[in-house]
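Below is input_30.csv, holding CSV, C-alpha atoms and all ligand atoms.
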chain,number,residue,atom,x,y,z
A,1,MET,CA,5.4,96.0,-57.2
A,2,TRP,CA,3.0,98.1,-59.2
A,3,ARG,CA,1.8,95.9,-62.0
A,4,GLU,CA,-0.9,93.7,-60.7
A,5,THR,CA,0.2,90.4,-62.3
A,6,TYR,CA,0.9,87.6,-59.8
A,7,ALA,CA,1.4,83.9,-59.5
A,8,LYS,CA,-0.7,83.1,-56.5
A,9,ILE,CA,0.6,80.0,-54.6
A,10,ASP,CA,-1.7,78.4,-52.2
A,11,LEU,CA,0.4,76.5,-49.7
A,12,THR,CA,-2.7,74.9,-48.1
A,13,CYS,CA,-3.2,73.1,-51.4
A,14,LEU,CA,0.4,72.0,-51.4
A,15,ALA,CA,0.1,70.6,-47.9
A,16,HIS,CA,-3.1,68.8,-49.0
A,17,ASN,CA,-1.3,67.2,-51.9
A,18,VAL,CA,1.7,66.1,-49.8
A,19,ARG,CA,-0.8,64.4,-47.4
A,20,ALA,CA,-2.8,62.9,-50.3
A,21,LEU,CA,0.3,61.4,-51.8
A,22,LYS,CA,1.6,60.1,-48.5
A,23,SER,CA,-1.6,58.3,-48.0
A,24,CYS,CA,-0.8,56.2,-51.0
A,25,LEU,CA,2.5,55.1,-49.5
A,26,ALA,CA,3.3,52.3,-47.0
A,27,PRO,CA,4.6,53.9,-43.7
A,28,ASN,CA,8.2,52.9,-44.4
A,29,VAL,CA,8.3,54.5,-47.9
A,30,LYS,CA,10.0,57.9,-47.9
A,31,LEU,CA,8.9,60.9,-49.9
A,32,MET,CA,11.5,62.9,-51.7
A,33,ALA,CA,9.9,66.1,-53.0
A,34,THR,CA,11.1,67.2,-56.4
A,35,VAL,CA,11.7,70.9,-56.3
A,36,LYS,CA,13.8,71.3,-59.4
A,37,ALA,CA,13.3,74.2,-61.8
A,38,ASN,CA,12.4,76.6,-59.0
A,39,ALA,CA,9.8,74.0,-57.8
A,40,TYR,CA,8.2,73.9,-61.2
A,41,GLY,CA,8.0,77.7,-61.1
A,42,HIS,CA,6.4,77.8,-57.7
A,43,GLY,CA,9.5,79.1,-55.8
A,44,ALA,CA,12.0,76.5,-54.6
A,45,VAL,CA,12.6,77.8,-51.1
A,46,ALA,CA,9.0,78.5,-50.1
A,47,ILE,CA,7.8,75.2,-51.5
A,48,SER,CA,10.7,73.2,-49.9
A,49,LEU,CA,10.0,74.7,-46.4
A,50,LYS,CA,6.3,73.9,-46.7
A,51,VAL,CA,6.6,70.3,-48.0
A,52,LEU,CA,9.2,69.5,-45.2
A,53,GLU,CA,6.9,71.0,-42.6
A,54,VAL,CA,4.0,68.8,-43.7
A,55,GLY,CA,5.9,65.5,-44.0
A,56,ALA,CA,8.2,65.3,-47.0
A,57,ASP,CA,11.4,63.5,-46.0
A,58,GLN,CA,13.9,64.8,-48.5
A,59,LEU,CA,14.3,67.1,-51.5
A,60,ALA,CA,15.6,66.7,-55.0
A,61,VAL,CA,16.7,69.2,-57.6
A,62,ALA,CA,18.2,69.0,-61.1
A,63,THR,CA,21.4,71.0,-60.6
A,64,VAL,CA,24.1,71.6,-58.0
A,65,GLU,CA,23.3,75.3,-58.2
A,66,GLU,CA,19.7,74.6,-57.3
A,67,ALA,CA,20.8,72.6,-54.3
A,68,VAL,CA,23.2,75.3,-53.1
A,69,GLN,CA,20.3,77.8,-53.3
A,70,LEU,CA,18.4,75.7,-50.8
A,71,ARG,CA,21.4,75.3,-48.6
A,72,ASP,CA,21.9,79.1,-48.7
A,73,ALA,CA,18.3,79.5,-47.6
A,74,GLY,CA,19.2,77.5,-44.4
A,75,ILE,CA,17.6,74.2,-45.5
A,76,THR,CA,19.6,71.3,-44.0
A,77,THR,CA,17.5,68.3,-45.1
A,78,ASP,CA,19.0,65.7,-47.5
A,79,ILE,CA,19.0,67.0,-51.1
A,80,LEU,CA,19.7,64.9,-54.1
A,81,VAL,CA,20.9,66.3,-57.4
A,82,TYR,CA,19.4,64.4,-60.3
A,83,GLY,CA,21.6,65.8,-63.0
A,84,ALA,CA,25.1,64.7,-64.1
A,85,LEU,CA,27.9,66.1,-62.0
A,86,PRO,CA,29.9,68.9,-63.6
A,87,ILE,CA,33.4,67.9,-62.4
A,88,GLU,CA,34.1,71.5,-61.3
A,89,ALA,CA,31.1,71.3,-58.9
A,90,ALA,CA,32.6,68.4,-56.9
A,91,ASP,CA,33.9,70.6,-54.2
A,92,ALA,CA,30.6,72.5,-53.8
A,93,VAL,CA,28.7,69.1,-53.6
A,94,VAL,CA,30.9,68.1,-50.7
A,95,SER,CA,31.0,71.4,-48.9
A,96,HIS,CA,27.2,71.8,-49.1
A,97,HIS,CA,26.6,68.2,-48.0
A,98,ILE,CA,24.6,67.5,-51.2
A,99,MET,CA,23.8,64.0,-52.4
A,100,GLN,CA,24.9,63.6,-56.0
A,101,THR,CA,23.8,61.3,-58.7
A,102,VAL,CA,26.7,59.3,-60.1
A,103,PHE,CA,27.0,56.8,-63.0
A,104,THR,CA,30.7,56.9,-64.1
A,105,LEU,CA,34.0,56.1,-62.4
A,106,SER,CA,35.2,59.6,-63.1
A,107,ASP,CA,32.2,61.1,-61.3
A,108,CYS,CA,33.1,59.0,-58.3
A,109,PHE,CA,36.8,59.9,-58.6
A,110,ALA,CA,36.1,63.6,-58.6
A,111,LEU,CA,33.8,63.4,-55.6
A,112,SER,CA,36.2,61.2,-53.7
A,113,GLN,CA,39.1,63.7,-54.3
A,114,ALA,CA,37.0,66.6,-53.3
A,115,ALA,CA,35.8,64.8,-50.2
A,116,LYS,CA,39.3,63.7,-49.2
A,117,ALA,CA,40.5,67.3,-49.6
A,118,ARG,CA,37.9,68.5,-47.2
A,119,GLY,CA,38.1,65.5,-44.9
A,120,GLU,CA,34.4,64.9,-45.2
A,121,ARG,CA,32.6,62.0,-46.8
A,122,CYS,CA,30.4,62.5,-49.9
A,123,ARG,CA,27.0,60.8,-50.2
A,124,VAL,CA,26.0,59.4,-53.6
A,125,HIS,CA,23.1,57.7,-55.4
A,126,VAL,CA,23.9,55.6,-58.4
A,127,LYS,CA,21.6,56.1,-61.4
A,128,ILE,CA,20.8,52.9,-63.3
A,129,ASP,CA,19.7,53.2,-66.9
A,130,THR,CA,16.9,50.7,-67.5
A,131,GLY,CA,15.7,52.1,-70.7
A,132,MET,CA,15.3,55.9,-70.6
A,133,ASN,CA,18.7,56.2,-72.3
A,134,ARG,CA,19.3,59.6,-70.6
A,135,LEU,CA,21.6,59.1,-67.5
A,136,GLY,CA,22.8,56.1,-65.7
A,137,VAL,CA,25.0,53.0,-65.8
A,138,LYS,CA,23.5,50.5,-68.2
A,139,ASP,CA,25.9,47.6,-68.5
A,140,ASP,CA,26.3,44.9,-65.8
A,141,GLU,CA,30.0,44.9,-65.8
A,142,GLU,CA,30.3,48.7,-65.6
A,143,ALA,CA,27.7,48.7,-62.8
A,144,VAL,CA,29.7,46.2,-60.8
A,145,ALA,CA,32.9,48.2,-61.3
A,146,LEU,CA,31.1,51.4,-60.3
A,147,PHE,CA,29.4,50.0,-57.1
A,148,THR,CA,32.7,48.3,-56.1
A,149,MET,CA,34.6,51.5,-56.5
A,150,ILE,CA,32.1,53.4,-54.3
A,151,HIS,CA,32.0,50.6,-51.8
A,152,ASP,CA,35.8,50.5,-51.4
A,153,ASP,CA,36.3,54.2,-51.3
A,154,PRO,CA,36.7,55.6,-47.8
A,155,TRP,CA,35.4,59.0,-48.9
A,156,LEU,CA,32.2,57.9,-50.6
A,157,ASP,CA,29.0,56.8,-49.0
A,158,LEU,CA,26.6,54.8,-51.1
A,159,VAL,CA,23.2,56.0,-50.0
A,160,GLY,CA,21.0,54.7,-52.8
A,161,ALA,CA,20.5,53.5,-56.3
A,162,TYR,CA,17.7,54.5,-58.6
A,163,THR,CA,16.2,54.4,-62.0
A,164,HIS,CA,13.6,56.4,-64.0
A,165,PHE,CA,10.7,55.1,-65.9
A,166,THR,CA,10.0,56.2,-69.5
A,167,SER,CA,6.3,55.4,-69.7
A,168,SER,CA,4.8,55.0,-66.2
A,169,ASP,CA,2.0,57.4,-67.3
A,170,GLU,CA,0.7,55.1,-69.9
A,171,PRO,CA,-2.5,53.2,-69.5
A,172,LEU,CA,-2.4,50.3,-67.1
A,173,CYS,CA,-2.0,47.1,-69.0
A,174,ASP,CA,-1.1,43.4,-68.7
A,175,LEU,CA,2.2,43.4,-66.7
A,176,ALA,CA,3.8,41.2,-69.3
A,177,LEU,CA,3.3,43.9,-71.9
A,178,SER,CA,4.3,46.8,-69.6
A,179,GLU,CA,7.5,48.7,-70.3
A,180,THR,CA,7.4,50.0,-66.7
A,181,GLU,CA,7.3,46.4,-65.5
A,182,ARG,CA,10.2,45.5,-67.8
A,183,GLN,CA,12.2,48.4,-66.4
A,184,ARG,CA,11.4,47.4,-62.8
A,185,GLN,CA,12.6,43.9,-63.5
A,186,ARG,CA,15.8,45.2,-65.1
A,187,PHE,CA,16.4,47.4,-62.0
A,188,ILE,CA,15.8,44.6,-59.6
A,189,ASP,CA,18.1,42.3,-61.6
A,190,MET,CA,20.9,44.9,-61.5
A,191,ILE,CA,20.4,45.4,-57.8
A,192,SER,CA,20.6,41.7,-57.2
A,193,LEU,CA,23.8,41.4,-59.1
A,194,ILE,CA,25.3,44.1,-56.9
A,195,LYS,CA,24.0,42.6,-53.7
A,196,ALA,CA,25.5,39.3,-54.7
A,197,LYS,CA,28.9,41.0,-54.7
A,198,GLY,CA,28.3,41.8,-51.0
A,199,ILE,CA,27.5,45.5,-51.5
A,200,ALA,CA,24.5,46.8,-49.5
A,201,ILE,CA,22.4,49.6,-51.0
A,202,PRO,CA,20.4,51.3,-48.3
A,203,VAL,CA,17.7,53.1,-50.4
A,204,LEU,CA,16.2,52.0,-53.7
A,205,HIS,CA,13.9,54.4,-55.7
A,206,ALA,CA,12.3,54.5,-59.1
A,207,SER,CA,9.1,56.5,-59.2
A,208,SER,CA,8.1,60.0,-60.1
A,209,SER,CA,4.5,61.0,-59.7
A,210,ALA,CA,3.2,58.5,-62.3
A,211,GLY,CA,5.0,55.5,-60.8
A,212,LEU,CA,3.8,56.6,-57.4
A,213,LEU,CA,0.2,56.7,-58.5
A,214,ARG,CA,0.4,53.7,-60.8
A,215,ASP,CA,1.1,50.9,-58.3
A,216,ALA,CA,2.9,50.3,-55.0
A,217,ARG,CA,5.1,47.7,-56.7
A,218,TYR,CA,7.0,50.7,-58.1
A,219,HIS,CA,7.5,52.5,-54.7
A,220,PHE,CA,10.6,50.6,-53.4
A,221,ASP,CA,12.0,52.6,-50.4
A,222,MET,CA,11.3,56.1,-51.6
A,223,VAL,CA,9.3,58.0,-54.2
A,224,ARG,CA,10.2,61.2,-56.0
A,225,PRO,CA,7.0,63.1,-57.0
A,226,GLY,CA,7.1,66.5,-58.6
A,227,ILE,CA,4.1,67.4,-60.7
A,228,SER,CA,1.6,65.8,-58.3
A,229,LEU,CA,2.8,67.9,-55.4
A,230,TYR,CA,1.8,70.9,-57.5
A,231,GLY,CA,-1.7,69.5,-58.0
A,232,TYR,CA,-1.6,67.9,-61.4
A,233,HIS,CA,-2.2,64.3,-62.3
A,234,PRO,CA,0.6,62.9,-64.5
A,235,SER,CA,-1.7,60.5,-66.3
A,236,PRO,CA,-5.4,60.6,-67.2
A,237,TYR,CA,-5.5,56.8,-67.0
A,238,PHE,CA,-5.2,56.1,-63.2
A,239,GLY,CA,-4.8,57.8,-59.9
A,240,GLN,CA,-7.8,60.1,-60.4
A,241,ASP,CA,-9.1,58.9,-57.0
A,242,VAL,CA,-6.2,60.8,-55.4
A,243,ASP,CA,-7.5,64.3,-54.9
A,244,LEU,CA,-4.8,66.7,-56.0
A,245,ARG,CA,-5.4,70.5,-55.9
A,246,PRO,CA,-3.6,72.9,-58.2
A,247,VAL,CA,-1.3,75.1,-56.1
A,248,LEU,CA,-0.7,77.9,-58.6
A,249,SER,CA,-2.9,80.3,-60.4
A,250,LEU,CA,-1.9,83.4,-62.5
A,251,GLU,CA,-3.8,86.5,-61.7
A,252,THR,CA,-3.8,89.8,-63.5
A,253,HIS,CA,-6.2,92.8,-63.7
A,254,ILE,CA,-7.9,94.6,-66.6
A,255,VAL,CA,-6.0,97.9,-67.4
A,256,ARG,CA,-8.1,99.0,-70.4
A,257,LEU,CA,-11.6,98.3,-71.6
A,258,HIS,CA,-13.0,99.5,-74.9
A,259,SER,CA,-15.3,98.7,-77.8
A,260,ILE,CA,-14.4,97.9,-81.3
A,261,ALA,CA,-16.6,98.1,-84.4
A,262,PRO,CA,-17.1,95.3,-87.0
A,263,GLY,CA,-14.1,95.1,-89.3
A,264,GLU,CA,-11.6,96.3,-86.7
A,265,ALA,CA,-8.8,94.0,-85.7
A,266,VAL,CA,-6.9,93.3,-82.4
A,267,SER,CA,-3.1,93.0,-81.9
A,268,TYR,CA,-0.2,92.3,-84.2
A,269,GLY,CA,-0.9,90.9,-87.6
A,270,ARG,CA,-4.7,91.6,-87.2
A,271,THR,CA,-5.4,87.9,-86.6
A,272,PHE,CA,-8.7,88.6,-84.9
A,273,ILE,CA,-11.2,90.7,-86.8
A,274,ALA,CA,-14.5,91.6,-85.2
A,275,THR,CA,-17.7,90.7,-87.1
A,276,LYS,CA,-19.9,92.7,-84.7
A,277,MET,CA,-19.4,95.3,-82.0
A,278,GLU,CA,-17.2,93.7,-79.4
A,279,ARG,CA,-15.9,94.7,-76.0
A,280,ILE,CA,-12.1,94.2,-75.5
A,281,ALA,CA,-10.1,94.1,-72.3
A,282,THR,CA,-6.4,94.6,-72.2
A,283,LEU,CA,-4.4,92.5,-69.6
A,284,PRO,CA,-0.9,93.4,-68.5
A,285,ILE,CA,0.6,89.9,-69.0
A,286,GLY,CA,2.3,88.4,-72.1
A,287,TYR,CA,4.7,85.9,-73.3
A,288,ALA,CA,7.6,87.5,-71.4
A,289,ASP,CA,5.6,86.4,-68.3
A,290,GLY,CA,5.3,82.9,-69.6
A,291,VAL,CA,1.9,82.9,-71.3
A,292,PRO,CA,2.7,81.0,-74.5
A,293,ARG,CA,2.2,83.0,-77.7
A,294,GLY,CA,0.5,79.8,-79.0
A,295,LEU,CA,-2.5,80.6,-76.9
A,296,SER,CA,-3.2,83.5,-79.3
A,297,ASN,CA,-6.9,83.1,-80.4
A,298,VAL,CA,-6.9,79.7,-78.6
A,299,GLY,CA,-6.8,80.1,-74.9
A,300,SER,CA,-9.1,81.8,-72.4
A,301,VAL,CA,-9.0,83.5,-69.0
A,302,SER,CA,-11.7,83.8,-66.4
A,303,ILE,CA,-13.2,87.2,-65.5
A,304,ARG,CA,-16.0,87.3,-62.9
A,305,GLY,CA,-16.2,83.6,-63.3
A,306,VAL,CA,-17.0,83.8,-67.0
A,307,LYS,CA,-14.7,82.5,-69.7
A,308,ALA,CA,-13.1,85.3,-71.7
A,309,PRO,CA,-11.3,84.1,-74.9
A,310,ILE,CA,-7.9,85.5,-75.8
A,311,VAL,CA,-8.2,87.4,-79.1
A,312,GLY,CA,-5.4,88.4,-81.4
A,313,ARG,CA,-1.8,87.6,-80.8
A,314,VAL,CA,-0.4,87.4,-77.2
A,315,CYS,CA,2.2,90.2,-77.1
A,316,MET,CA,5.4,90.3,-75.0
A,317,ASP,CA,3.9,92.2,-72.1
A,318,GLN,CA,0.2,92.3,-72.8
A,319,MET,CA,-2.7,90.5,-74.3
A,320,MET,CA,-6.4,91.1,-75.1
A,321,VAL,CA,-9.5,89.1,-74.2
A,322,LEU,CA,-13.1,89.3,-75.4
A,323,VAL,CA,-15.5,90.4,-72.7
A,324,THR,CA,-18.5,91.4,-74.7
A,325,ASP,CA,-20.7,88.9,-72.8
A,326,ILE,CA,-19.5,89.7,-69.3
A,327,PRO,CA,-22.0,91.9,-67.5
A,328,ASP,CA,-20.6,94.9,-65.5
A,329,VAL,CA,-17.0,94.2,-66.5
A,330,GLN,CA,-14.7,97.0,-65.3
A,331,VAL,CA,-11.2,98.2,-65.4
A,332,GLY,CA,-9.4,96.7,-62.4
A,333,ASP,CA,-11.4,93.5,-62.6
A,334,LYS,CA,-9.4,90.3,-61.8
A,335,ALA,CA,-8.5,88.0,-64.7
A,336,LEU,CA,-7.5,84.4,-63.8
A,337,LEU,CA,-5.3,82.2,-65.9
A,338,TYR,CA,-4.3,78.6,-65.2
A,339,GLY,CA,-6.9,78.4,-62.4
A,340,GLY,CA,-10.3,76.8,-62.3
A,341,ASP,CA,-11.5,73.3,-63.1
A,342,VAL,CA,-10.2,71.1,-65.8
A,343,GLY,CA,-12.6,71.5,-68.8
A,344,SER,CA,-13.4,75.1,-67.9
A,345,GLY,CA,-11.2,76.3,-70.8
A,346,PHE,CA,-8.9,78.3,-68.6
A,347,SER,CA,-7.3,75.7,-66.4
A,348,LEU,CA,-3.6,74.9,-66.8
A,349,THR,CA,-4.5,71.4,-68.0
A,350,ASP,CA,-6.8,72.9,-70.7
A,351,ALA,CA,-4.1,75.2,-71.8
A,352,ALA,CA,-1.6,72.4,-72.0
A,353,GLN,CA,-4.0,70.4,-74.1
A,354,GLN,CA,-4.7,73.3,-76.4
A,355,LEU,CA,-0.9,73.7,-76.9
A,356,ASP,CA,-0.2,70.0,-77.3
A,357,THR,CA,2.2,70.2,-74.4
A,358,ILE,CA,2.2,69.2,-70.7
A,359,THR,CA,1.4,71.1,-67.5
A,360,TYR,CA,5.0,70.9,-66.5
A,361,GLU,CA,6.2,73.1,-69.4
A,362,LEU,CA,3.6,75.8,-68.8
A,363,LEU,CA,4.5,76.0,-65.1
A,364,CYS,CA,8.2,76.2,-65.8
A,365,ARG,CA,7.7,78.9,-68.3
A,366,ILE,CA,6.2,81.4,-65.8
A,367,SER,CA,9.0,83.9,-65.7
A,368,ASP,CA,10.8,85.7,-62.9
A,369,ARG,CA,9.0,88.9,-63.8
A,370,VAL,CA,5.8,87.4,-62.3
A,371,LYS,CA,5.8,88.0,-58.6
A,372,ARG,CA,5.0,84.9,-56.5
A,373,VAL,CA,2.5,85.6,-53.8
A,374,TYR,CA,2.0,82.9,-51.1
A,375,SER,CA,-1.0,82.2,-49.0
A,376,GLN,CA,-0.9,79.8,-46.1
B,401,LIG,C1,11.7,65.5,-62.6
B,401,LIG,C2,11.9,64.1,-62.0
B,401,LIG,C3,11.0,63.5,-61.1
B,401,LIG,C4,9.7,64.1,-60.8
B,401,LIG,O1,8.8,63.8,-61.9
B,401,LIG,P1,7.2,64.2,-61.9
B,401,LIG,O2,6.7,63.6,-63.2
B,401,LIG,O3,7.1,65.7,-61.9
B,401,LIG,O4,6.7,63.6,-60.7
B,401,LIG,C5,11.4,62.4,-60.5
B,401,LIG,N1,12.6,61.8,-60.8
B,401,LIG,C6,13.5,62.3,-61.7
B,401,LIG,C7,14.8,61.6,-62.0
B,401,LIG,C8,13.2,63.5,-62.3
B,401,LIG,O5,14.0,64.0,-63.2

Mind turning this structure into structure tokens?
Ligand SMILES: *Cc1c(COP(=O)(O)O)cnc(C)c1O
Amino acid sequence: MWRETYAKIDLTCLAHNVRALKSCLAPNVKLMATVKANAYGHGAVAISLKVLEVGADQLAVATVEEAVQLRDAGITTDILVYGALPIEAADAVVSHHIMQTVFTLSDCFALSQAAKARGERCRVHVKIDTGMNRLGVKDDEEAVALFTMIHDDPWLDLVGAYTHFTSSDEPLCDLALSETERQRQRFIDMISLIKAKGIAIPVLHASSSAGLLRDARYHFDMVRPGISLYGYHPSPYFGQDVDLRPVLSLETHIVRLHSIAPGEAVSYGRTFIATKMERIATLPIGYADGVPRGLSNVGSVSIRGVKAPIVGRVCMDQMMVLVTDIPDVQVGDKALLYGGDVGSGFSLTDAAQQLDTITYELLCRISDRVKRVYSQ
């Protein structure tokens, strides 16, 4: 690796976050670490190994492919796939001992067939749709039929049932007015209906990071945090007392430094025009690395601890920043993106606000071209 552009991943911060989140949970509540989308860009295998080492109980991913990647890396812990089952993946689910989300009879039929063919049971979690309108069984009758089929099938093991909140990051409010509370009630009602049919459901779960931090009433038997593991609060309205430390920062180094005269412009389309003599630093990182082009003339990086605004358009592989006011700046100096404190102008949270998006999206955008460098 010659280009000095890295995503630095601090596993000590990750371990700290796991412990901080666990301290919010009753001792019997399990923590399922969400490591989908390459662990939100942090590297699924390295992150999985670390969270398991420091106390996470299980893992969750979005796709069967992601689960297989973890199995291929030698990880034997329970892994749940959140996404819908592609019928063709049923055999891979069984052979890799993956737990699959199900919500239709045909999901269950496919997994049962695959399990029978291999002579091994398949473990499933039923997703209940309480208002997200994304995945899940929604209707009482359909739910009874689904749970009954799983219960009666010798090749299927009902491990759990879960739901997902639409708005658990919203401000805390009167429970009677809370959509999260309405979803919780709907979930409990559905579960009671199934239990009344004599079907036991070992593990109930509902909360991502926001539900986890919101209130223990949403924890049930297990929680499924993602973003909070990586050091970001899912909501500005609560949970700020839980100390979370960003795990990732992007680092690159100045490859060119030069001065421009008043009237000269920087980058494509001449969107930044100097009004005085300015000093410009070129950085070998661009939108192909995951720095959104929307940060053009909007975002900032940190050089020698000083904020350096991005000037002109972010290019595919490079971008320019203003360093006029940074004393002693030199070629080779480190430039930090997505690091630093919230409000510094160059933290990931600040960038997400500037772009009217969420921290999640910016993390996931960091491309494969950026080398991940881990520190313990
Ligand atoms: C992504 C996801 C999570 C984790 O969400 P965070 O907001 O990152 O904590 C939990 N549950 C499901 C079903 C998800 O899809």

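Using all atoms listed in the file for every distance, the candidate list A:Trp155, A:Tyr162, A:Phe147, A:Phe109 yields A:Tyr162 as the residue closest to ligand LIG 401 (chain B).
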
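Interatomic distance, atom CA of Ile150 of chain A against atom C7 of ligand LIG 401 (chain B): 20.6 Å.
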
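Residues in contact with Arg19 of chain A at 10 Å, where all atoms listed in the file are counted and same-chain residues fewer than 2 positions away are skipped, are listed as A:Cys13, A:Leu14, A:Ala15, A:His16, A:Asn17, A:Leu21, A:Lys22, A:Ser23, A:Cys24, A:Val51, A:Val54, A:Gly55, A:Ala56, A:Leu229, A:Leu244.
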
Limited to C-alpha atoms, could you put the picked residues into a file as an mmCIF file, in the frame of the given file?
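Just written: again00.cif:
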data_model
loop_
_atom_site.group_PDB
_atom_site.id
_atom_site.type_symbol
_atom_site.label_atom_id
_atom_site.label_comp_id
_atom_site.auth_asym_id
_atom_site.auth_seq_id
_atom_site.Cartn_x
_atom_site.Cartn_y
_atom_site.Cartn_z
ATOM 1 C CA CYS A 13 -3.200 73.100 -51.400
ATOM 2 C CA LEU A 14 0.400 72.000 -51.400
ATOM 3 C CA ALA A 15 0.100 70.600 -47.900
ATOM 4 C CA HIS A 16 -3.100 68.800 -49.000
ATOM 5 C CA ASN A 17 -1.300 67.200 -51.900
ATOM 6 C CA LEU A 21 0.300 61.400 -51.800
ATOM 7 C CA LYS A 22 1.600 60.100 -48.500
ATOM 8 C CA SER A 23 -1.600 58.300 -48.000
ATOM 9 C CA CYS A 24 -0.800 56.200 -51.000
ATOM 10 C CA VAL A 51 6.600 70.300 -48.000
ATOM 11 C CA VAL A 54 4.000 68.800 -43.700
ATOM 12 C CA GLY A 55 5.900 65.500 -44.000
ATOM 13 C CA ALA A 56 8.200 65.300 -47.000
ATOM 14 C CA LEU A 229 2.800 67.900 -55.400
ATOM 15 C CA LEU A 244 -4.800 66.700 -56.000
#

Give me, as a list of chain:residue names, all polymer residues having an atom no more than 8 Å from segment 204-220 of chain A, counting all atoms listed in the file and skipping those fewer than 5 positions away in the same chain.
A:Cys24, A:Leu25, A:Val29, A:Gly160, A:Ala161, A:Tyr162, A:Thr163, A:His164, A:Phe165, A:Ser168, A:Asp169, A:Leu172, A:Arg184, A:Pro225, A:Gly226, A:Ile227, A:Ser228, A:His233, A:Pro234, A:Ser235, A:Phe238, A:Gly239

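Counting from atom CA of Asp356 of chain A, the distance to atom CA of Val247 of chain A is 21.8 Å.
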
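The environment of Gly269 of chain A within 12 Å, counting only C-alpha atoms and disregarding residues fewer than 6 places along the same chain, consists of A:Ser296, A:Val311, A:Gly312, A:Arg313, A:Val314, A:Cys315.
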
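Environment of (17.8, 51.7, -73.4): residues at most 12 Å away, judged by all atoms listed in the file, are Ile128, Asp129, Thr130, Gly131, Met132, Asn133, Arg134, Leu135, Gly136, Val137, Lys138, Asp139, Thr163, His164, Phe165, Thr166, Glu179, Arg182, Gln183 and Arg186 of chain A.
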